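Working notes for the structure below.
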Amino acid sequence: MVDFLRDFIKVLRASDVRISTSETIDAMNVASVVGLEDKILLKESLSQSLAKSLREKEIFEECYENFFKESYMNFSSPDDKKDDNFNDANKDIDSELDQDIFPGEEDLESMYNESDRTALMSSMALASREVGLSQIRLFTQTGMFTRKIFEFMGLEKLNNDIFQASREGNLERENDLKELRERIRLEIRDYVEQQVKLRTSQSGRQLREEALSQVRLSQVDRSDLAIMINIVRKMAKRLVSLHSRRKKKANRGQLDVRSTLRANQGYDGLLFETVWKKTKVNRPKVITLCDVSGSVANVARFFLMFLYSLSEVLPHIRTFAFSNKAGEVTDLFETKDIEEASAETLLLYGGGSTDYGQALIDLEGFIETEIDKKTTLIILGDARSNFGDPRADILKSLQEKSKRVIFLNPEPKGLWGTGDSEMKRFLPYCGKARYCSSLKDLERVVDDLLRMAF
Amino acid sequence: MAKAKLSSTNKSKESIEEIQANFEREGYICNSHIATAIYLSQALEKPILVEGPPGVGKTELAKATSTWMKKPLIRLQCYEGLDEAKALYEWKYGKQLLYTQVLKDKLNDIISDTIGLEESLESLHDFDDIFFSEKFLEPRPLLKAINSNEGSVLLIDEIDKSDDEFEAFLLEILSDYQVSVPEIGTISGKVRPVVFLTSNNTREIGDALKRRCLHLYIPFPDSTLEEKIIISRVPELDKKLRMHLVSFVQNLRELDLKKVPSVSETIDWGKSLVLLNIKTLDPVIVRETLNVLLKFQSDIDTADSEIEALVRVSLNETK
Ligand SMILES: Nc1ncnc2c1ncn2[C@@H]1O[C@H](COP(=O)(O)OP(=O)(O)OP(=O)(O)O)[C@@H](O)[C@H]1O
Ligand SMILES: [Mg+2]
C-alpha cells in the first residue's frame with residue numbers, strides 16, 4: 001500500500017497538486033483508517049487529505065480514475081499484494097505471490113498463448129516497478145523503458161527460442177515467435193505510453209500535447225479527445241501555411257522572355273507587356289478509402305479530421321468508409337463540421353466485420369469513371385480482412401489507372417502479413433505503404449502527400 | 001489479512017453511515033462525503049477546512065456536529081482586523097483598574113504595617129502577581145475552546161475574511177493547541193476541540209494552514225439531497241410542489257447569475273409558498289416570489305424571461 005500511495009502521490013505532484021510530507025503521512029493514515037477495499041470511500045478520503053482546493057480536487061479526480069484504471073484495477077493481484085506489504089505478518093504470502101509471477105521465470109510464450117492476461121499484466125507491472133517506470137517523464141523515454149521492461153520480463157529467453165527455431169529451420173515456429181515478440185512489445189509499449197500520458201497529465205500543456213501527438217491513436221482516451229482535436233487543428237494550420245507558401249511561390253512562375261519579346265514586337269523593342277510563364281497547377285485529386293472498423297476507427301477518425309482541415313490546400317477529396325460494405329461520406333464532410341462528420345462516419349460504417357474484398361469492389365464501382373492519372377488513392381486500414389479474399393487484383397487495376405496508391409497501416413511493419421493481415425498481398429500495388437499510428441505519423445504522411453502534389 | 005482489512009473498511013463505513021443518520025435526525029442532511037470528513041477528522045484529530053459556495057451548510061455542519069457530540073459550540077466569527085485580543089484573550093482592564101483603586105486605599109495600611117522599604121516593595125510585588133492572574137483574564141473563543149476539559153466544537157467561521165497575520169497566528173494555535181500567556185504561563189485543556197474552519201473563498205487560504213487541515217468541498221446539493229433537506233426543513237410542503245420547487249431552483253442555478261440561490265433560499269422559498277398556501281407552481285406565482293430566491297434586481301431581470309421555460313421544464317422533469 002505504501003508503494004501504491006507513493007506512486008499515486010508522484011502522479012498527483014506531476015499534475016501540479018502540491019503535496020507536503022505531512023500530507024503524505026496524513027494520506028497513509030487515512031488509508032489505514034478506511035482500508036483499501038472500497039475504492040469510492042478511499043477516493044473521497046484521500047481527496048480530503050491531499051487535494052486542498054476545488055481545482056486540485058478536479059485534478060485529483062482525473063488522476064485517481066486514470067491511476068486505478070490504468071495501473072492497478074487491471075491486475076487482480078498486485079494491488080492486494082501491495083496492501084500486504086503494509087502488514088509484515090503477511091510477508092510469506094507476499095513472497096509466494098512474487099514467485100508466482102516472477103519475471104523471466106514464467107514463460108512469456110505460454111503466458112501469452114494461454115491468454116493469461118492477468119499473469120502477463122502482473123509480470124509487466126512488476127517489471128515496471130523494478131525498472132522504475134514511475135520515474136518516466138518524457139515521451140522520448142518510451143522506447144528505453146519498453147526495452148528494459150521487456151528484458152526484465154524475459155526477452156532473452158524469447159530471443160533464444162527464436163534463434164533456436166531458426167537454426168532448426170522451423171520457419172513456422174520462428175515466425176510465430178517473432179509475431180509474439182512484436183505483440184508483447186506493443187503491449188508493453190502501450191502500457192508505457194499510458195504511464196507517460198498519466199504522468200504528464202495536466203503538467204504543462206505543451207509537454208502533454210507533445211506526448212499525445214506521439215501516442216498511438218488507438219490508445220487515445222476519450223478525455224483527451226478535445227486536446228487531440230486541438231492538436232490536429234494546429235498541425236493542419238501549420239501544414240496549410242507551409243504549403244500555401246510553396247504553392248504561391250510555384251505559381252508565380254518566371255518571366256517568359258521569348259513570348260514577351262514576341263508580344264512587344266510592335267513597340268519597337270520597348271517592353272510594354274510582360275508575359276509570365278505559367279506553371280501548371282496540379283490540383284491533386286485525392287480519394288480516400290478508410291477502414292472504420294473497431295480496430296482502426298480512432299485512427300481513421302483523426303485521419304479524416306486531418307485531411308478535411310486542409311481544405312485550403314486540398315480542396316477535392318472524396319471519401320469512402322467501410323468495414324465491409326463501402327459507402328461515400330464526402331457529403332457529410334462537406335456539409336457538417338469535421339468532428340461531427342467523422343463521428344457520424346463511424347456510426348454509419350463502423351462496427352461491421354472487416355471485408356477488404358467487398359470494400360474494394362464497392363470502391364471500384366464508385367470511382368471507376370473518375371479515377372485518372374491525377375488521382376491519389378489513399379487507403380487507411382490494418383488490412384485485416386478476416387481471411388476473406390482481399391481482392392488485391394482490384395487494387396492492382398486501380399493502381400494502374402491512378403497516379404499513386406498510398407497505404408497507411410496503423411500496425412507496425414512487423415505485424416504486416418501475420419494472421420489475417422493481407423498487407424503483404426497489397427504491398428506490390430502500393431506506391432507507398434506506411435506505418436501510421438499517431439498524430440505525428442499522420443502529420444508526416446500528409447506533409448509528404450502535399451509535397452508530392454505541388 | 002483479508003479479515004483485518006475487511007474490518008477497517010467496514011468499520012469506517014459503519015461509522016460514516018451512523019454519523020450520516022445521526023445528523024439527519026438532528027435535521028442536517030448530508031451525503032457520505034461530508035460524513036466521511038467528520039469521521040476522518042475524529043480519527044486523525046485534524047481540523048476540517050470546509051469550502052463551498054454560500055449557503056450550502058458549512059456553518060450548519062459545525063452546529064450539527066456540536067449537537068451530535070453533545071459538546072458546546074464555540075464560534076469565532078472572522079472579520080478584517082480580527083486580532084489576538086478578540087480571538088484569544090484580553091486582560092480585564094476595568095477589573096484591574098478597580099483593583100488598583102482598592103489597592104490605593106489599602107496602600108497606606110500595607111506600608112505602615114511593614115517595617116522597612118524593602119519589605120513593603122516585596123508585599124507590593126505579591127499584589128502584582130495577582131494582578132496578572134487568570135482572575136483578570138477575559139477568555140475569547142480560542143482560549144475557551146482550548147482550555148476546556150470536556151471538549152468543544154470550535155467553529156472558526158469565514159476565515160477568508162480575516163487577514164494573513166491572523167491566519168499565521170491561527171497556525172500556531174492549531175499546531176499545539178496550547179496558549180502561552182507571558183504573565184501566566186502555558187494554558188491547555190484536557191480534551192482537544194473538534195475544529196472547523198469555513199471559507200467562502202473570497203481569498204485563497206494559505207498553504208500552511210491547508211496542510212494542517214482535511215479539506216472538504218461542499219458543492220450545491222443535487223436534487224435528491226436538496227429535496228431531503230426541504231423535507232427536513234419545510235416538512236409541511238406538499239410532495240409534488242417540493243419536487244417542482246427543487247427542480248426549478250436546480251435549473252435556475254444554471255443561469256448566468258450574480259448570486260445563484262443557495263439552499264437557505266430554497267428553504268425560504270418553500271416556507272413562503274407554504275405561508276401563501278400555494279399548491280402548484282406556475283409562472284405568476286414564481287414571478288411574485290422570485291425575490292425570495294434572487295437577491296439582485298439584475299438577477300431577477302435575467303431570470304424573468306426564462307421563467308415560463310423553467311417552470312415548464314421543472315413540471316416535466318418531475319413527472
Ligand atoms: N445539508 C443541510 N441540511 C439542512 N439544512 C441545511 C443544509 N444545508 C444548508 N441548510 C440550511 O441552509 C442555511 C444556510 O446554511 P449555512 O449558514 O450553514 O451556510 P454556509 O455554507 O455557512 O453559508 P455562508 O457561506 O453564507 O456562511 C442553514 O440555516 C440551514 O437551515
Ligand atoms: Mg456560514
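Chain labels run A, B, ... following the order of the C-alpha cells; each chain numbers its residues from 1, and ligands are numbered from 1 in the order shown.
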Taking only C-alpha atoms and all ligand atoms and a cut-off of 10 Å, can you tell me which residues surround ligand 2, written as a ChimeraX atom specification?
/B:50-62,77,155-158,197-200
Within 7 Å of chain A: residues of chain B, using only C-alpha atoms, as a PDB file with N, CA, C and O atoms, in the first residue's frame:
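Result went into part11.pdb, see below:
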```
ATOM      1  N   LYS B   5      -8.384  -6.223   6.934  1.00  0.00           N
ATOM      2  CA  LYS B   5      -8.716  -5.143   6.018  1.00  0.00           C
ATOM      3  C   LYS B   5     -10.218  -4.930   5.979  1.00  0.00           C
ATOM      4  O   LYS B   5     -10.711  -3.827   6.062  1.00  0.00           O
ATOM      5  N   SER B   8     -11.479  -2.920   8.841  1.00  0.00           N
ATOM      6  CA  SER B   8     -11.220  -1.485   8.902  1.00  0.00           C
ATOM      7  C   SER B   8     -12.096  -0.723   7.918  1.00  0.00           C
ATOM      8  O   SER B   8     -12.629   0.333   8.239  1.00  0.00           O
ATOM      9  N   THR B   9     -12.252  -1.281   6.738  1.00  0.00           N
ATOM     10  CA  THR B   9     -13.144  -0.624   5.788  1.00  0.00           C
ATOM     11  C   THR B   9     -14.584  -0.643   6.286  1.00  0.00           C
ATOM     12  O   THR B   9     -15.270   0.372   6.281  1.00  0.00           O
ATOM     13  N   SER B  12     -15.231   1.614   9.204  1.00  0.00           N
ATOM     14  CA  SER B  12     -15.320   3.003   8.771  1.00  0.00           C
ATOM     15  C   SER B  12     -16.672   3.285   8.147  1.00  0.00           C
ATOM     16  O   SER B  12     -17.322   4.276   8.458  1.00  0.00           O
ATOM     17  N   HIS B  33     -19.843  12.026   1.642  1.00  0.00           N
ATOM     18  CA  HIS B  33     -18.581  12.776   1.643  1.00  0.00           C
ATOM     19  C   HIS B  33     -18.430  13.597   2.918  1.00  0.00           C
ATOM     20  O   HIS B  33     -17.385  13.619   3.552  1.00  0.00           O
ATOM     21  N   THR B  36     -17.881  11.429   5.845  1.00  0.00           N
ATOM     22  CA  THR B  36     -16.513  10.895   5.820  1.00  0.00           C
ATOM     23  C   THR B  36     -15.536  11.901   6.423  1.00  0.00           C
ATOM     24  O   THR B  36     -14.646  11.535   7.187  1.00  0.00           O
ATOM     25  N   LYS B 210      -3.705  25.119   5.134  1.00  0.00           N
ATOM     26  CA  LYS B 210      -4.364  23.997   4.460  1.00  0.00           C
ATOM     27  C   LYS B 210      -3.708  22.664   4.807  1.00  0.00           C
ATOM     28  O   LYS B 210      -4.369  21.646   4.932  1.00  0.00           O
ATOM     29  N   ARG B 211      -2.376  22.708   4.901  1.00  0.00           N
ATOM     30  CA  ARG B 211      -1.657  21.466   5.217  1.00  0.00           C
ATOM     31  C   ARG B 211      -2.113  20.854   6.525  1.00  0.00           C
ATOM     32  O   ARG B 211      -2.093  19.652   6.689  1.00  0.00           O
ATOM     33  N   LEU B 214      -7.870  18.756   7.025  1.00  0.00           N
ATOM     34  CA  LEU B 214      -8.520  17.989   5.965  1.00  0.00           C
ATOM     35  C   LEU B 214      -9.336  18.998   5.166  1.00  0.00           C
ATOM     36  O   LEU B 214      -9.753  20.018   5.708  1.00  0.00           O
ATOM     37  N   HIS B 215      -9.544  18.695   3.912  1.00  0.00           N
ATOM     38  CA  HIS B 215     -10.234  19.673   3.086  1.00  0.00           C
ATOM     39  C   HIS B 215     -11.534  19.093   2.541  1.00  0.00           C
ATOM     40  O   HIS B 215     -11.538  18.088   1.854  1.00  0.00           O
ATOM     41  N   LEU B 216     -12.619  19.753   2.898  1.00  0.00           N
ATOM     42  CA  LEU B 216     -13.919  19.289   2.416  1.00  0.00           C
ATOM     43  C   LEU B 216     -14.534  20.368   1.542  1.00  0.00           C
ATOM     44  O   LEU B 216     -14.640  21.525   1.955  1.00  0.00           O
ATOM     45  N   TYR B 217     -14.890  19.991   0.340  1.00  0.00           N
ATOM     46  CA  TYR B 217     -15.600  20.948  -0.511  1.00  0.00           C
ATOM     47  C   TYR B 217     -17.073  20.559  -0.567  1.00  0.00           C
ATOM     48  O   TYR B 217     -17.406  19.435  -0.949  1.00  0.00           O
TER      49      TYR B 217
END
```
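If you look at atom CA of Ala297 of chain A and atom CA of Ala383 of chain A, they are 13.1 Å away from each other.
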Out of segment 133-252 of chain B, which residues get alpha helix (DSSP H) from DSSP, as a PyMOL selection string?
chain B and resi 141-146+164-176+207-212+223-233+239-252
Save out the residues we just selected, C-alpha atoms, as an mmCIF file, in the first residue's frame.
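Everything below was put into result-v6.cif:
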```cif
data_model
loop_
_atom_site.group_PDB
_atom_site.id
_atom_site.type_symbol
_atom_site.label_atom_id
_atom_site.label_comp_id
_atom_site.auth_asym_id
_atom_site.auth_seq_id
_atom_site.Cartn_x
_atom_site.Cartn_y
_atom_site.Cartn_z
ATOM 1 C CA PRO B 141 -13.363 31.879 21.778
ATOM 2 C CA LEU B 142 -9.992 30.323 21.007
ATOM 3 C CA LEU B 143 -8.879 30.211 24.608
ATOM 4 C CA LYS B 144 -12.266 28.917 25.691
ATOM 5 C CA ALA B 145 -12.052 26.101 23.210
ATOM 6 C CA ILE B 146 -8.516 25.166 24.123
ATOM 7 C CA ASP B 164 -2.900 36.917 6.737
ATOM 8 C CA GLU B 165 -1.431 37.820 10.102
ATOM 9 C CA PHE B 166 -4.327 36.284 11.885
ATOM 10 C CA GLU B 167 -4.001 33.197 9.757
ATOM 11 C CA ALA B 168 -0.366 32.856 10.770
ATOM 12 C CA PHE B 169 -1.340 33.205 14.390
ATOM 13 C CA LEU B 170 -4.028 30.598 13.994
ATOM 14 C CA LEU B 171 -1.461 28.253 12.585
ATOM 15 C CA GLU B 172 0.412 28.225 15.878
ATOM 16 C CA ILE B 173 -2.709 27.555 17.865
ATOM 17 C CA LEU B 174 -3.737 24.703 15.608
ATOM 18 C CA SER B 175 -0.355 23.054 15.796
ATOM 19 C CA ASP B 176 -0.103 22.638 19.542
ATOM 20 C CA ASP B 207 -0.876 26.531 2.053
ATOM 21 C CA ALA B 208 0.486 26.199 5.561
ATOM 22 C CA LEU B 209 -2.970 26.338 7.062
ATOM 23 C CA LYS B 210 -4.364 23.997 4.460
ATOM 24 C CA ARG B 211 -1.657 21.466 5.217
ATOM 25 C CA ARG B 212 -2.892 21.205 8.765
ATOM 26 C CA SER B 223 -31.781 17.455 -6.422
ATOM 27 C CA THR B 224 -32.171 14.288 -4.364
ATOM 28 C CA LEU B 225 -30.208 15.751 -1.490
ATOM 29 C CA GLU B 226 -31.870 19.133 -1.753
ATOM 30 C CA GLU B 227 -35.284 17.514 -1.621
ATOM 31 C CA LYS B 228 -34.289 15.686 1.514
ATOM 32 C CA ILE B 229 -33.156 18.954 3.045
ATOM 33 C CA ILE B 230 -36.509 20.517 2.207
ATOM 34 C CA ILE B 231 -38.374 17.552 3.670
ATOM 35 C CA SER B 232 -36.460 18.104 6.860
ATOM 36 C CA ARG B 233 -36.708 21.879 6.985
ATOM 37 C CA LYS B 239 -44.574 16.432 -2.033
ATOM 38 C CA LYS B 240 -45.288 17.343 -5.620
ATOM 39 C CA LEU B 241 -44.725 21.022 -5.085
ATOM 40 C CA ARG B 242 -41.481 20.216 -3.328
ATOM 41 C CA MET B 243 -40.205 18.286 -6.304
ATOM 42 C CA HIS B 244 -41.150 21.084 -8.675
ATOM 43 C CA LEU B 245 -39.608 23.688 -6.478
ATOM 44 C CA VAL B 246 -36.314 21.877 -6.121
ATOM 45 C CA SER B 247 -36.104 21.156 -9.802
ATOM 46 C CA PHE B 248 -36.859 24.807 -10.553
ATOM 47 C CA VAL B 249 -34.084 26.017 -8.263
ATOM 48 C CA GLN B 250 -31.636 23.481 -9.678
ATOM 49 C CA ASN B 251 -32.324 24.768 -13.173
ATOM 50 C CA LEU B 252 -32.204 28.362 -12.036
#
```
Quick one: residues within 12 Å of Asp256 of chain B, only C-alpha atoms, excluding same-chain residues fewer than 6 positions away - as a PyMOL selection string?
chain B and resi 298-303+306
Could you check how far atom CA of Pro47 of chain B sits from atom CA of Lys63 of chain B, in Å to one decimal?
14.8 Å
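The coordinates place atom CA of Ala326 of chain A at 18.8 Å from atom CA of Met305 of chain A.
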Give me the residues near Thr65 of chain B as a PyMOL selection string, where near means some atom within 9 Å (using only C-alpha atoms) and where sequence neighbours in that chain fewer than 3 positions away do not count.
chain B and resi 23+38+60-62+68-71+73+153+194
Nearest to ligand 1, chosen from B:Leu82, B:Ile267, B:Leu137, B:Ile159, with only C-alpha atoms and all ligand atoms counted in the distances:
B:Ile267
Spatial neighbours of segment 339-352 of chain A, max dist 12 Å, only C-alpha atoms, sep filter under 5 positions, as number ranges by chain
A: 225-226, 228-230, 232-233, 289-309, 319-334, 359, 385-386
Expected file contents, prior selection, C-alpha atoms, as a compact mmCIF listing (two decimals), in the first residue's frame:
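Full text of selection_2.txt as output:
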```txt
# COMPACT_ATOMS: atom_id res chain seq x y z
CA LEU A 225 -10.21 13.97 -27.34
CA ALA A 226 -10.56 17.71 -27.03
CA MET A 228 -6.24 15.84 -29.71
CA ILE A 229 -8.66 17.72 -31.89
CA ASN A 230 -6.83 20.84 -30.99
CA VAL A 232 -4.94 18.26 -35.28
CA ARG A 233 -6.07 21.80 -35.91
CA LEU A 289 -10.84 4.69 -48.51
CA CYS A 290 -10.97 4.32 -44.73
CA ASP A 291 -11.39 1.21 -42.72
CA VAL A 292 -13.53 2.36 -39.82
CA SER A 293 -13.96 -0.99 -38.10
CA GLY A 294 -13.22 -1.12 -34.39
CA SER A 295 -9.51 -1.73 -34.58
CA VAL A 296 -8.82 1.23 -36.82
CA ALA A 297 -11.72 3.54 -36.05
CA ASN A 298 -9.82 6.03 -33.96
CA VAL A 299 -7.00 6.38 -36.42
CA ALA A 300 -9.46 6.81 -39.27
CA ARG A 301 -11.31 9.44 -37.39
CA PHE A 302 -8.25 11.57 -36.84
CA PHE A 303 -7.00 10.95 -40.34
CA LEU A 304 -10.23 12.28 -41.78
CA MET A 305 -10.27 15.22 -39.42
CA PHE A 306 -6.79 15.96 -40.57
CA LEU A 307 -7.47 15.75 -44.28
CA TYR A 308 -10.56 17.87 -44.10
CA SER A 309 -8.81 20.53 -42.03
CA THR A 319 -14.03 9.85 -49.02
CA PHE A 320 -15.31 6.35 -48.68
CA ALA A 321 -15.65 4.43 -45.46
CA PHE A 322 -16.14 0.77 -44.81
CA SER A 323 -15.94 -2.09 -42.51
CA ASN A 324 -17.50 -4.44 -45.04
CA LYS A 325 -19.65 -2.53 -47.49
CA ALA A 326 -18.09 0.75 -48.51
CA GLY A 327 -20.06 3.96 -48.87
CA GLU A 328 -19.30 7.53 -49.72
CA VAL A 329 -19.22 10.09 -46.92
CA THR A 330 -17.90 13.07 -48.89
CA ASP A 331 -21.20 14.90 -48.44
CA LEU A 332 -21.09 14.52 -44.71
CA PHE A 333 -17.77 16.27 -44.60
CA GLU A 334 -18.82 18.99 -46.95
CA ALA A 359 -14.87 -2.74 -49.86
CA SER A 385 -9.77 -8.99 -43.68
CA ASN A 386 -10.95 -11.92 -41.61
```
Could you check which of B:Ile29, B:Val191, B:Ile48, B:Ile34 is closest to ligand 1, using only C-alpha atoms and all ligand atoms?
B:Ile29
